[in-house]
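Enquirer: What follows is entry36.cif; its format and atoms are mmCIF, C-alpha atoms, pLDDT in the B column; chains and numbers go by the auth columns.
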```cif
data_protein
#
loop_
_atom_site.group_PDB
_atom_site.id
_atom_site.type_symbol
_atom_site.label_atom_id
_atom_site.label_comp_id
_atom_site.label_asym_id
_atom_site.label_seq_id
_atom_site.Cartn_x
_atom_site.Cartn_y
_atom_site.Cartn_z
_atom_site.B_iso_or_equiv
_atom_site.auth_seq_id
_atom_site.auth_asym_id
ATOM 1 C CA MET A 1 -31.157 -82.970 187.176 74.00 22 A
ATOM 2 C CA ILE A 2 -29.859 -86.140 185.499 86.00 23 A
ATOM 3 C CA PRO A 3 -27.839 -85.327 182.379 94.00 24 A
ATOM 4 C CA SER A 4 -27.418 -87.575 179.377 96.00 25 A
ATOM 5 C CA PHE A 5 -23.890 -88.633 178.438 97.00 26 A
ATOM 6 C CA ILE A 6 -22.372 -89.014 174.972 97.00 27 A
ATOM 7 C CA HIS A 7 -19.050 -90.845 174.803 97.00 28 A
ATOM 8 C CA LEU A 8 -16.800 -90.182 171.807 95.00 29 A
ATOM 9 C CA LYS A 9 -13.633 -92.104 171.021 94.00 30 A
ATOM 10 C CA SER A 10 -12.181 -89.090 169.244 93.00 31 A
ATOM 11 C CA THR A 11 -13.287 -85.581 168.268 92.00 32 A
ATOM 12 C CA ASP A 12 -11.663 -82.289 167.373 89.00 33 A
ATOM 13 C CA SER A 13 -13.279 -80.551 170.364 90.00 34 A
ATOM 14 C CA THR A 14 -16.145 -81.543 172.670 94.00 35 A
ATOM 15 C CA ASN A 15 -17.194 -77.874 172.821 93.00 36 A
ATOM 16 C CA THR A 16 -17.383 -77.644 169.029 93.00 37 A
ATOM 17 C CA PHE A 17 -19.290 -80.942 168.845 94.00 38 A
ATOM 18 C CA LEU A 18 -21.892 -79.776 171.359 94.00 39 A
ATOM 19 C CA ILE A 19 -22.301 -76.275 169.889 92.00 40 A
ATOM 20 C CA GLU A 20 -22.867 -77.721 166.411 93.00 41 A
ATOM 21 C CA LYS A 21 -25.368 -80.195 167.826 91.00 42 A
ATOM 22 C CA ALA A 22 -27.202 -77.349 169.588 89.00 43 A
ATOM 23 C CA SER A 23 -28.041 -75.700 166.251 80.00 44 A
ATOM 24 C CA ASN A 24 -30.557 -78.451 165.456 80.00 45 A
ATOM 25 C CA ASN A 25 -31.350 -80.071 168.789 86.00 46 A
ATOM 26 C CA ASN A 26 -32.228 -79.319 172.374 90.00 47 A
ATOM 27 C CA VAL A 27 -28.954 -80.293 174.034 95.00 48 A
ATOM 28 C CA ALA A 28 -29.469 -78.831 177.508 95.00 49 A
ATOM 29 C CA ASP A 29 -28.183 -81.213 180.182 97.00 50 A
ATOM 30 C CA THR A 30 -26.059 -83.147 177.723 97.00 51 A
ATOM 31 C CA VAL A 31 -22.487 -84.101 178.574 98.00 52 A
ATOM 32 C CA VAL A 32 -20.036 -84.998 175.806 97.00 53 A
ATOM 33 C CA TYR A 33 -16.747 -86.594 176.818 97.00 54 A
ATOM 34 C CA ALA A 34 -13.965 -87.868 174.615 94.00 55 A
ATOM 35 C CA ASP A 35 -11.050 -90.281 174.917 93.00 56 A
ATOM 36 C CA GLU A 36 -9.073 -88.034 172.610 90.00 57 A
ATOM 37 C CA GLN A 37 -9.366 -84.450 171.314 83.00 58 A
ATOM 38 C CA SER A 38 -7.356 -83.461 168.255 74.00 59 A
ATOM 39 C CA HIS A 39 -7.971 -79.728 168.731 62.00 60 A
ATOM 40 C CA GLY A 40 -8.911 -79.225 172.364 55.00 61 A
ATOM 41 C CA LYS A 41 -9.665 -75.539 172.903 53.00 62 A
ATOM 42 C CA GLY A 42 -8.272 -73.154 175.466 52.00 63 A
ATOM 43 C CA LEU A 43 -8.825 -69.461 175.924 52.00 64 A
ATOM 44 C CA GLY A 44 -8.378 -67.399 172.758 49.00 65 A
ATOM 45 C CA SER A 45 -6.045 -69.198 170.370 49.00 66 A
ATOM 46 C CA ASN A 46 -4.688 -71.509 173.066 55.00 67 A
ATOM 47 C CA THR A 47 -5.017 -75.277 172.795 61.00 68 A
ATOM 48 C CA TRP A 48 -5.435 -77.855 175.550 65.00 69 A
ATOM 49 C CA GLU A 49 -2.859 -80.643 175.652 77.00 70 A
ATOM 50 C CA SER A 50 -4.247 -84.015 176.686 80.00 71 A
ATOM 51 C CA ALA A 51 -2.852 -87.487 176.016 86.00 72 A
ATOM 52 C CA PRO A 52 -5.496 -90.026 174.875 87.00 73 A
ATOM 53 C CA LEU A 53 -7.248 -91.909 177.692 92.00 74 A
ATOM 54 C CA LYS A 54 -5.286 -90.063 180.388 95.00 75 A
ATOM 55 C CA ASN A 55 -7.374 -87.049 181.337 96.00 76 A
ATOM 56 C CA LEU A 56 -10.892 -85.679 181.598 96.00 77 A
ATOM 57 C CA THR A 57 -11.967 -83.692 178.538 95.00 78 A
ATOM 58 C CA PHE A 58 -15.686 -82.993 178.471 97.00 79 A
ATOM 59 C CA SER A 59 -18.305 -80.367 177.700 97.00 80 A
ATOM 60 C CA ILE A 60 -21.680 -79.871 179.305 98.00 81 A
ATOM 61 C CA ALA A 61 -24.632 -77.878 177.959 97.00 82 A
ATOM 62 C CA LEU A 62 -26.477 -75.967 180.662 97.00 83 A
ATOM 63 C CA ASN A 63 -29.753 -74.082 180.634 95.00 84 A
ATOM 64 C CA THR A 64 -28.652 -70.643 181.841 96.00 85 A
ATOM 65 C CA SER A 65 -31.755 -68.675 180.893 94.00 86 A
ATOM 66 C CA PHE A 66 -32.062 -67.513 184.515 94.00 87 A
ATOM 67 C CA ILE A 67 -28.795 -65.538 184.214 94.00 88 A
ATOM 68 C CA GLU A 68 -28.843 -62.022 182.774 92.00 89 A
ATOM 69 C CA VAL A 69 -26.234 -61.344 180.097 93.00 90 A
ATOM 70 C CA SER A 70 -24.674 -58.645 182.282 92.00 91 A
ATOM 71 C CA ASN A 71 -24.133 -61.293 184.997 94.00 92 A
ATOM 72 C CA GLN A 72 -22.625 -64.006 182.802 94.00 93 A
ATOM 73 C CA PHE A 73 -19.356 -63.989 184.780 97.00 94 A
ATOM 74 C CA GLN A 74 -21.329 -65.501 187.650 97.00 95 A
ATOM 75 C CA LEU A 75 -21.463 -68.734 185.651 97.00 96 A
ATOM 76 C CA SER A 76 -17.684 -68.664 185.207 98.00 97 A
ATOM 77 C CA GLN A 77 -17.273 -68.230 188.956 98.00 98 A
ATOM 78 C CA SER A 78 -19.776 -70.995 189.671 98.00 99 A
ATOM 79 C CA VAL A 79 -17.944 -73.487 187.450 98.00 100 A
ATOM 80 C CA ALA A 80 -14.541 -72.555 188.893 98.00 101 A
ATOM 81 C CA VAL A 81 -15.851 -72.981 192.435 98.00 102 A
ATOM 82 C CA SER A 82 -17.415 -76.344 191.565 98.00 103 A
ATOM 83 C CA LEU A 83 -14.146 -77.684 190.131 98.00 104 A
ATOM 84 C CA HIS A 84 -12.127 -76.376 193.063 98.00 105 A
ATOM 85 C CA LYS A 85 -14.493 -78.132 195.490 98.00 106 A
ATOM 86 C CA PHE A 86 -14.431 -81.308 193.381 98.00 107 A
ATOM 87 C CA LEU A 87 -10.621 -81.458 193.306 98.00 108 A
ATOM 88 C CA SER A 88 -10.373 -80.701 197.022 98.00 109 A
ATOM 89 C CA ASN A 89 -11.944 -84.131 197.636 98.00 110 A
ATOM 90 C CA TYR A 90 -8.739 -85.702 196.289 98.00 111 A
ATOM 91 C CA LEU A 91 -5.988 -83.118 196.838 98.00 112 A
ATOM 92 C CA ASN A 92 -4.719 -80.738 199.505 98.00 113 A
ATOM 93 C CA ILE A 93 -7.169 -77.832 199.416 98.00 114 A
ATOM 94 C CA ASP A 94 -4.533 -75.430 200.776 98.00 115 A
ATOM 95 C CA LYS A 95 -2.496 -75.888 197.576 98.00 116 A
ATOM 96 C CA LEU A 96 -5.482 -75.528 195.236 98.00 117 A
ATOM 97 C CA SER A 97 -6.358 -72.079 193.936 98.00 118 A
ATOM 98 C CA ILE A 98 -8.574 -70.451 191.320 98.00 119 A
ATOM 99 C CA LYS A 99 -6.640 -68.421 188.777 98.00 120 A
ATOM 100 C CA TRP A 100 -8.814 -65.692 187.275 98.00 121 A
ATOM 101 C CA PRO A 101 -11.044 -66.191 185.449 97.00 122 A
ATOM 102 C CA ASN A 102 -11.587 -69.939 185.936 97.00 123 A
ATOM 103 C CA ASP A 103 -8.409 -72.040 185.810 97.00 124 A
ATOM 104 C CA ILE A 104 -7.548 -74.315 188.723 98.00 125 A
ATOM 105 C CA LEU A 105 -3.957 -74.361 189.939 97.00 126 A
ATOM 106 C CA TYR A 106 -2.204 -76.755 192.288 97.00 127 A
ATOM 107 C CA ASP A 107 0.861 -75.263 193.965 96.00 128 A
ATOM 108 C CA HIS A 108 1.010 -72.588 191.196 94.00 129 A
ATOM 109 C CA LYS A 109 0.805 -75.215 188.417 95.00 130 A
ATOM 110 C CA LYS A 110 -2.128 -75.603 186.036 95.00 131 A
ATOM 111 C CA MET A 111 -4.402 -78.560 186.669 96.00 132 A
ATOM 112 C CA SER A 112 -7.708 -77.604 185.080 97.00 133 A
ATOM 113 C CA GLY A 113 -9.011 -75.181 182.474 95.00 134 A
ATOM 114 C CA VAL A 114 -12.495 -74.045 181.474 96.00 135 A
ATOM 115 C CA LEU A 115 -13.863 -72.579 178.243 95.00 136 A
ATOM 116 C CA ILE A 116 -17.450 -71.289 178.215 97.00 137 A
ATOM 117 C CA SER A 117 -19.458 -70.500 175.074 95.00 138 A
ATOM 118 C CA ASN A 118 -22.744 -68.691 175.705 94.00 139 A
ATOM 119 C CA LEU A 119 -25.622 -68.838 173.237 92.00 140 A
ATOM 120 C CA LEU A 120 -27.986 -65.890 173.635 90.00 141 A
ATOM 121 C CA LYS A 121 -31.686 -65.501 172.919 86.00 142 A
ATOM 122 C CA ASN A 122 -33.412 -62.117 172.800 83.00 143 A
ATOM 123 C CA ASN A 123 -30.465 -60.473 174.564 79.00 144 A
ATOM 124 C CA ARG A 124 -30.601 -62.982 177.403 85.00 145 A
ATOM 125 C CA MET A 125 -28.577 -66.022 178.292 93.00 146 A
ATOM 126 C CA ASP A 126 -30.106 -69.193 176.884 93.00 147 A
ATOM 127 C CA LEU A 127 -27.656 -72.090 176.673 95.00 148 A
ATOM 128 C CA SER A 128 -24.069 -72.277 177.891 97.00 149 A
ATOM 129 C CA VAL A 129 -21.610 -74.905 176.708 97.00 150 A
ATOM 130 C CA VAL A 130 -18.981 -75.391 179.386 97.00 151 A
ATOM 131 C CA GLY A 131 -15.819 -77.159 178.245 97.00 152 A
ATOM 132 C CA VAL A 132 -13.616 -78.627 180.969 97.00 153 A
ATOM 133 C CA GLY A 133 -10.155 -80.136 180.889 95.00 154 A
ATOM 134 C CA ILE A 134 -8.673 -81.754 184.004 97.00 155 A
ATOM 135 C CA ASN A 135 -5.201 -83.293 184.116 97.00 156 A
ATOM 136 C CA VAL A 136 -5.681 -86.677 185.737 98.00 157 A
ATOM 137 C CA ASN A 137 -3.341 -89.555 184.873 97.00 158 A
ATOM 138 C CA GLN A 138 -0.902 -87.960 182.417 96.00 159 A
ATOM 139 C CA MET A 139 2.674 -87.956 183.728 94.00 160 A
ATOM 140 C CA LYS A 140 4.521 -85.871 181.108 91.00 161 A
ATOM 141 C CA PHE A 141 3.531 -82.608 179.446 89.00 162 A
ATOM 142 C CA GLN A 142 5.128 -80.207 177.049 81.00 163 A
ATOM 143 C CA ASP A 143 6.935 -77.387 178.843 66.00 164 A
ATOM 144 C CA TRP A 144 4.084 -74.886 178.888 66.00 165 A
ATOM 145 C CA PRO A 145 4.628 -71.571 180.645 65.00 166 A
ATOM 146 C CA THR A 146 2.006 -72.799 183.128 68.00 167 A
ATOM 147 C CA HIS A 147 3.940 -76.011 183.976 82.00 168 A
ATOM 148 C CA PRO A 148 0.948 -78.394 184.005 93.00 169 A
ATOM 149 C CA VAL A 149 0.462 -80.902 186.779 95.00 170 A
ATOM 150 C CA SER A 150 -1.857 -83.904 187.046 97.00 171 A
ATOM 151 C CA MET A 151 -3.605 -85.629 189.906 98.00 172 A
ATOM 152 C CA LYS A 152 -1.412 -88.698 189.449 98.00 173 A
ATOM 153 C CA MET A 153 1.793 -86.633 189.471 97.00 174 A
ATOM 154 C CA ILE A 154 0.774 -85.369 192.917 98.00 175 A
ATOM 155 C CA THR A 155 -0.638 -88.527 194.464 98.00 176 A
ATOM 156 C CA GLY A 156 1.005 -91.381 192.529 98.00 177 A
ATOM 157 C CA THR A 157 -2.479 -92.850 192.119 97.00 178 A
ATOM 158 C CA ASP A 158 -4.278 -93.917 188.928 97.00 179 A
ATOM 159 C CA PHE A 159 -7.792 -92.485 188.902 98.00 180 A
ATOM 160 C CA ASP A 160 -10.919 -93.904 187.271 98.00 181 A
ATOM 161 C CA LEU A 161 -11.857 -91.320 184.634 97.00 182 A
ATOM 162 C CA GLU A 162 -15.533 -92.196 184.408 96.00 183 A
ATOM 163 C CA GLU A 163 -15.953 -92.029 188.169 97.00 184 A
ATOM 164 C CA LEU A 164 -14.265 -88.615 188.234 98.00 185 A
ATOM 165 C CA LEU A 165 -16.399 -87.422 185.320 98.00 186 A
ATOM 166 C CA HIS A 166 -19.657 -88.081 187.145 98.00 187 A
ATOM 167 C CA SER A 167 -18.345 -86.466 190.333 98.00 188 A
ATOM 168 C CA ALA A 168 -17.188 -83.352 188.450 98.00 189 A
ATOM 169 C CA VAL A 169 -20.502 -83.007 186.606 98.00 190 A
ATOM 170 C CA TYR A 170 -22.421 -83.412 189.866 98.00 191 A
ATOM 171 C CA SER A 171 -20.315 -80.659 191.440 98.00 192 A
ATOM 172 C CA ILE A 172 -21.021 -78.316 188.493 98.00 193 A
ATOM 173 C CA TYR A 173 -24.766 -78.895 188.859 98.00 194 A
ATOM 174 C CA GLU A 174 -24.574 -78.375 192.611 97.00 195 A
ATOM 175 C CA SER A 175 -22.992 -74.937 192.162 98.00 196 A
ATOM 176 C CA LEU A 176 -25.421 -74.063 189.363 97.00 197 A
ATOM 177 C CA GLU A 177 -28.393 -74.879 191.605 97.00 198 A
ATOM 178 C CA LEU A 178 -26.887 -72.694 194.321 97.00 199 A
ATOM 179 C CA LEU A 179 -26.540 -69.866 191.803 97.00 200 A
ATOM 180 C CA LYS A 180 -30.128 -70.387 190.674 95.00 201 A
ATOM 181 C CA SER A 181 -31.418 -70.177 194.247 95.00 202 A
ATOM 182 C CA ASP A 182 -29.856 -66.760 194.926 92.00 203 A
ATOM 183 C CA GLY A 183 -26.697 -68.252 196.393 93.00 204 A
ATOM 184 C CA TYR A 184 -24.345 -66.041 194.403 96.00 205 A
ATOM 185 C CA ASN A 185 -22.888 -64.358 197.489 97.00 206 A
ATOM 186 C CA SER A 186 -21.646 -67.661 198.900 97.00 207 A
ATOM 187 C CA ILE A 187 -20.168 -68.592 195.487 98.00 208 A
ATOM 188 C CA SER A 188 -18.464 -65.202 195.227 98.00 209 A
ATOM 189 C CA ASP A 189 -17.097 -65.451 198.779 98.00 210 A
ATOM 190 C CA TYR A 190 -15.652 -68.909 198.096 98.00 211 A
ATOM 191 C CA TYR A 191 -14.189 -67.722 194.780 98.00 212 A
ATOM 192 C CA LEU A 192 -12.393 -64.765 196.371 98.00 213 A
ATOM 193 C CA LYS A 193 -11.198 -66.858 199.319 98.00 214 A
ATOM 194 C CA HIS A 194 -9.363 -69.188 196.933 98.00 215 A
ATOM 195 C CA LEU A 195 -8.482 -66.672 194.197 98.00 216 A
ATOM 196 C CA TYR A 196 -4.830 -66.845 193.165 98.00 217 A
ATOM 197 C CA ARG A 197 -2.913 -63.660 194.141 98.00 218 A
ATOM 198 C CA TYR A 198 -5.985 -62.039 195.693 98.00 219 A
ATOM 199 C CA HIS A 199 -4.813 -59.071 197.795 98.00 220 A
ATOM 200 C CA GLN A 200 -1.216 -59.833 196.775 98.00 221 A
ATOM 201 C CA TRP A 201 1.427 -58.276 194.537 98.00 222 A
ATOM 202 C CA GLY A 202 2.379 -60.044 191.325 97.00 223 A
ATOM 203 C CA ASN A 203 3.876 -59.556 187.882 97.00 224 A
ATOM 204 C CA TYR A 204 1.603 -59.132 184.859 97.00 225 A
ATOM 205 C CA LEU A 205 2.217 -58.664 181.158 96.00 226 A
ATOM 206 C CA VAL A 206 0.320 -55.593 179.926 95.00 227 A
ATOM 207 C CA ASP A 207 0.788 -54.209 176.404 93.00 228 A
ATOM 208 C CA GLY A 208 4.130 -55.974 176.066 94.00 229 A
ATOM 209 C CA ASP A 209 5.511 -54.677 179.373 95.00 230 A
ATOM 210 C CA VAL A 210 5.798 -56.499 182.695 97.00 231 A
ATOM 211 C CA LYS A 211 4.186 -54.538 185.524 96.00 232 A
ATOM 212 C CA ARG A 212 4.136 -55.305 189.237 97.00 233 A
ATOM 213 C CA LEU A 213 0.566 -54.797 190.420 97.00 234 A
ATOM 214 C CA PHE A 214 -1.624 -55.470 193.447 97.00 235 A
ATOM 215 C CA MET A 215 -4.832 -57.496 192.927 98.00 236 A
ATOM 216 C CA LYS A 216 -7.730 -55.622 194.527 97.00 237 A
ATOM 217 C CA GLY A 217 -10.478 -57.908 193.242 97.00 238 A
ATOM 218 C CA LEU A 218 -13.137 -57.895 190.524 97.00 239 A
ATOM 219 C CA ASP A 219 -15.594 -55.347 189.197 97.00 240 A
ATOM 220 C CA GLY A 220 -19.283 -56.056 188.587 93.00 241 A
ATOM 221 C CA PHE A 221 -18.563 -57.583 185.174 95.00 242 A
ATOM 222 C CA GLY A 222 -15.887 -59.964 186.446 97.00 243 A
ATOM 223 C CA ARG A 223 -12.983 -57.897 185.144 97.00 244 A
ATOM 224 C CA LEU A 224 -9.745 -57.923 187.119 98.00 245 A
ATOM 225 C CA VAL A 225 -9.070 -54.815 189.213 98.00 246 A
ATOM 226 C CA LEU A 226 -5.396 -54.113 189.955 98.00 247 A
ATOM 227 C CA CYS A 227 -3.437 -51.116 191.209 97.00 248 A
ATOM 228 C CA ASP A 228 0.199 -50.009 191.170 95.00 249 A
ATOM 229 C CA ASP A 229 2.388 -48.662 193.975 92.00 250 A
ATOM 230 C CA VAL A 230 1.030 -45.129 193.559 89.00 251 A
ATOM 231 C CA SER A 231 -2.567 -46.361 193.830 81.00 252 A
ATOM 232 C CA CYS A 232 -3.420 -45.920 190.150 90.00 253 A
ATOM 233 C CA GLU A 233 -6.218 -48.402 189.424 94.00 254 A
ATOM 234 C CA TYR A 234 -6.445 -50.591 186.319 95.00 255 A
ATOM 235 C CA VAL A 235 -9.323 -52.733 185.083 97.00 256 A
ATOM 236 C CA PHE A 236 -8.565 -55.588 182.688 97.00 257 A
ATOM 237 C CA ASP A 237 -10.594 -57.984 180.581 96.00 258 A
ATOM 238 C CA VAL A 238 -9.333 -61.519 179.965 92.00 259 A
ATOM 239 C CA LYS A 239 -7.452 -60.836 176.742 90.00 260 A
ATOM 240 C CA GLN A 240 -5.798 -57.659 178.035 95.00 261 A
ATOM 241 C CA ILE A 241 -3.470 -59.140 180.634 96.00 262 A
ATOM 242 C CA LYS A 242 -1.335 -62.209 181.325 95.00 263 A
ATOM 243 C CA PHE A 243 -0.014 -63.544 184.608 96.00 264 A
ATOM 244 C CA VAL A 244 3.801 -63.770 184.706 94.00 265 A
#
```
Could the structure of this file be written out as structure tokens, please?

Expert:
Amino acid sequence: MIPSFIHLKSTDSTNTFLIEKASNNNVADTVVYADEQSHGKGLGSNTWESAPLKNLTFSIALNTSFIEVSNQFQLSQSVAVSLHKFLSNYLNIDKLSIKWPNDILYDHKKMSGVLISNLLKNNRMDLSVVGVGINVNQMKFQDWPTHPVSMKMITGTDFDLEELLHSAVYSIYESLELLKSDGYNSISDYYLKHLYRYHQWGNYLVDGDVKRLFMKGLDGFGRLVLCDDVSCEYVFDVKQIKFV
């Protein structure tokens, strides 16, 4: 599949731009990328910090009609795996990890984030707008709790943004095609292999309290399954828990 690319000098959010465009047009296989986002979106009410002309901020509209609504987390896994593989071409793969549900960390520091908006049709998946932010050439960030890191901060190298954009998009399509051809098991195996804190103890903020819990894995809906030191099991959705 060869996508079409729309380049914007500035926009509030590439995800918002593409979702609004989808209301009147067939935007499947369209990539929107921007030099600057004034209101880049993160999960929930979070924003995405990105200096103009320093990082990759793009959204891609994908035909996901082959995915059942109950399996929509498979898309999240597929995108996370694709970005992890893409970044491993440039960085030490042993220091790259996938933080549930779909962030990419380098040495425990946030490098990439994903926001997915699914448009449904007759109770099925139809179109998914996948927003991606990757820290590339920016050298200073605000002191987020996640302590962001960029590719240049690690390597000292300036990267060509347009070249990286095409490589990242290609990697997303490659994983999507694998998912489409019944390759979910290999995607899931890769995801768990590189999942941050998988089968490890860690601190989590739950209902205002910090709890030390063991990550067992995921349930069938992609929710995080954790247990405490007396083997009580907990299942959390994205907005119910924070990594500490």

Enquirer: Please report, as AutoDock Vina command-line options, the centre and edge lengths in Å to one decimal of an axis-aligned box covering all listed atoms of region 85-100 of chain A with 4 Å per side.

Expert:
```
--center_x -24.7 --center_y -66.1 --center_z 184.9 --size_x 22.8 --size_y 22.8 --size_z 17.6
```

Enquirer: Starting from the displayed file, determine the output of the PyMOL selection byres ((chain A and resi 263) around 9) and express the residue list as a VMD selection string.

Expert: chain A and resid 224 to 227 259 to 262 264 to 265

Enquirer: CA of Leu216 (chain A) and CA of Ser118 (chain A) are how many Å apart?

Expert: 5.8 Å

Enquirer: Run the PyMOL selection byres ((chain A and resi 86-95) around 6) against the file shown and list the residues it catches, as an NGL selection string.

Expert: :A and (84-85 or 96-98 or 145-147 or 243)

Enquirer: Please evaluate the PyMOL selection byres ((chain A and resi 79) around 8) against the structure above and give the resulting residues as a PDB file with C-alpha atoms, keeping the file's coordinate frame.

Expert:
```
ATOM      1  CA  THR A  35     -16.145 -81.543 172.670  1.00 94.00           C
ATOM      2  CA  ASN A  36     -17.194 -77.874 172.821  1.00 93.00           C
ATOM      3  CA  VAL A  52     -22.487 -84.101 178.574  1.00 98.00           C
ATOM      4  CA  VAL A  53     -20.036 -84.998 175.806  1.00 97.00           C
ATOM      5  CA  TYR A  54     -16.747 -86.594 176.818  1.00 97.00           C
ATOM      6  CA  ALA A  55     -13.965 -87.868 174.615  1.00 94.00           C
ATOM      7  CA  LEU A  77     -10.892 -85.679 181.598  1.00 96.00           C
ATOM      8  CA  THR A  78     -11.967 -83.692 178.538  1.00 95.00           C
ATOM      9  CA  SER A  80     -18.305 -80.367 177.700  1.00 97.00           C
ATOM     10  CA  ILE A  81     -21.680 -79.871 179.305  1.00 98.00           C
ATOM     11  CA  GLY A 152     -15.819 -77.159 178.245  1.00 97.00           C
ATOM     12  CA  VAL A 153     -13.616 -78.627 180.969  1.00 97.00           C
ATOM     13  CA  GLY A 154     -10.155 -80.136 180.889  1.00 95.00           C
TER      14      GLY A 154
END
```

Enquirer: Which of these residues is nearest to Asn156 (chain A), using all atoms listed in the file: A:Leu108, A:Leu245, A:Leu39, A:Leu141?

Expert: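 Selected residue with least distance to Asn156 (chain A): A:Leu108.
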
Enquirer: Calculated over all atoms listed in the file, which of the candidates A:Glu70, A:Ser103, A:Ala82, A:Met174 has the smallest distance to Tyr191 (chain A)?

Expert: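 Comparing A:Glu70, A:Ser103, A:Ala82, A:Met174 against Tyr191 (chain A), the winner is A:Ser103.
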
Enquirer: In Å, rounded to a single decimal, give me how far CA of Ser202 (chain A) is from CA of Leu185 (chain A).

Expert: 25.9 Å

Enquirer: Which polymer residues have any atom within 9 Å of an atom of Val135 (chain A), counting all atoms listed in the file, with same-chain residues fewer than 4 positions away left out, as a PyMOL selection string?

Expert: chain A and resi 63-64+97+100-101+122-125+151-155

Enquirer: Next, the residues of the selection above should be written as a compact mmCIF listing (two decimals), in the coordinates of the input with C-alpha atoms.

Expert:
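As written to disk, part_37.txt reads:
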```txt
# COMPACT_ATOMS: atom_id res chain seq x y z
CA GLY A 63 -8.27 -73.15 175.47
CA LEU A 64 -8.82 -69.46 175.92
CA SER A 97 -17.68 -68.66 185.21
CA VAL A 100 -17.94 -73.49 187.45
CA ALA A 101 -14.54 -72.56 188.89
CA PRO A 122 -11.04 -66.19 185.45
CA ASN A 123 -11.59 -69.94 185.94
CA ASP A 124 -8.41 -72.04 185.81
CA ILE A 125 -7.55 -74.32 188.72
CA VAL A 151 -18.98 -75.39 179.39
CA GLY A 152 -15.82 -77.16 178.24
CA VAL A 153 -13.62 -78.63 180.97
CA GLY A 154 -10.15 -80.14 180.89
CA ILE A 155 -8.67 -81.75 184.00
```

Enquirer: Which value, in Å to one decimal, gives the distance between CA of Leu126 (chain A) and CA of Lys173 (chain A)?

Expert: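 That distance, rounded to one decimal, is 14.6 Å.
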
Enquirer: What lies within 12 Å of region 219-222 of chain A using all atoms listed in the file, ignoring chain neighbours under 4 positions off, as an mmCIF file with C-alpha atoms, in the frame of the given file?

Expert:
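Saved result, around36.cif, follows:
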```cif
data_model
loop_
_atom_site.group_PDB
_atom_site.id
_atom_site.type_symbol
_atom_site.label_atom_id
_atom_site.label_comp_id
_atom_site.auth_asym_id
_atom_site.auth_seq_id
_atom_site.Cartn_x
_atom_site.Cartn_y
_atom_site.Cartn_z
ATOM 1 C CA SER A 118 -6.358 -72.079 193.936
ATOM 2 C CA ILE A 119 -8.574 -70.451 191.320
ATOM 3 C CA LYS A 120 -6.640 -68.421 188.777
ATOM 4 C CA TRP A 121 -8.814 -65.692 187.275
ATOM 5 C CA TYR A 212 -14.189 -67.722 194.780
ATOM 6 C CA LEU A 213 -12.393 -64.765 196.371
ATOM 7 C CA LYS A 214 -11.198 -66.858 199.319
ATOM 8 C CA HIS A 215 -9.363 -69.188 196.933
ATOM 9 C CA LYS A 232 4.186 -54.538 185.524
ATOM 10 C CA ARG A 233 4.136 -55.305 189.237
ATOM 11 C CA LEU A 234 0.566 -54.797 190.420
ATOM 12 C CA PHE A 235 -1.624 -55.470 193.447
ATOM 13 C CA MET A 236 -4.832 -57.496 192.927
ATOM 14 C CA LYS A 237 -7.730 -55.622 194.527
ATOM 15 C CA GLY A 238 -10.478 -57.908 193.242
ATOM 16 C CA LEU A 239 -13.137 -57.895 190.524
ATOM 17 C CA LEU A 245 -9.745 -57.923 187.119
ATOM 18 C CA VAL A 246 -9.070 -54.815 189.213
ATOM 19 C CA LEU A 247 -5.396 -54.113 189.955
ATOM 20 C CA CYS A 248 -3.437 -51.116 191.209
ATOM 21 C CA ASP A 249 0.199 -50.009 191.170
ATOM 22 C CA ASP A 250 2.388 -48.662 193.975
ATOM 23 C CA PHE A 264 -0.014 -63.544 184.608
ATOM 24 C CA VAL A 265 3.801 -63.770 184.706
#
```

Enquirer: Could you tell me which of A:Ile208, A:Tyr217, A:Asp203, A:Asp115 comes closest to Lys131 (chain A) if we count all atoms listed in the file?

Expert: A:Tyr217

Enquirer: Can you tell me which residues surround Asn113 (chain A) at a distance of at most 10 Å, considering all atoms listed in the file, apart from same-chain residues fewer than 4 positions away, and format the answer as a PyMOL selection string?

Expert: chain A and resi 108-109+117+127-128+175

Enquirer: For a quick check of understanding, using all atoms listed in the file, which of A:Glu254, A:Asn46, A:Arg244, A:Thr51 has the smallest distance to Met22 (chain A)?

Expert: A:Thr51

Enquirer: Need to verify the contact set: His187 (chain A), 10 Å, only C-alpha atoms, exclusion of same-chain residues closer than 5 positions in sequence. Can you return it as a PyMOL selection string?

Expert: chain A and resi 24+26+52+182+192-193

Enquirer: Find the residues with any atom within 10 Å of (-14.4, -96.9, 171.8); use only C-alpha atoms and the coordinates as given in the file, and write the answer as a PyMOL selection string.

Expert: chain A and resi 28-31+55-56

Enquirer: Pick out the closest residue to Phe107 (chain A) from this set: A:Asp228, A:Asp240, A:Glu195, A:Asp33. Count all atoms listed in the file.

Expert: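 Among the listed residues, A:Glu195 lies closest to Phe107 (chain A).
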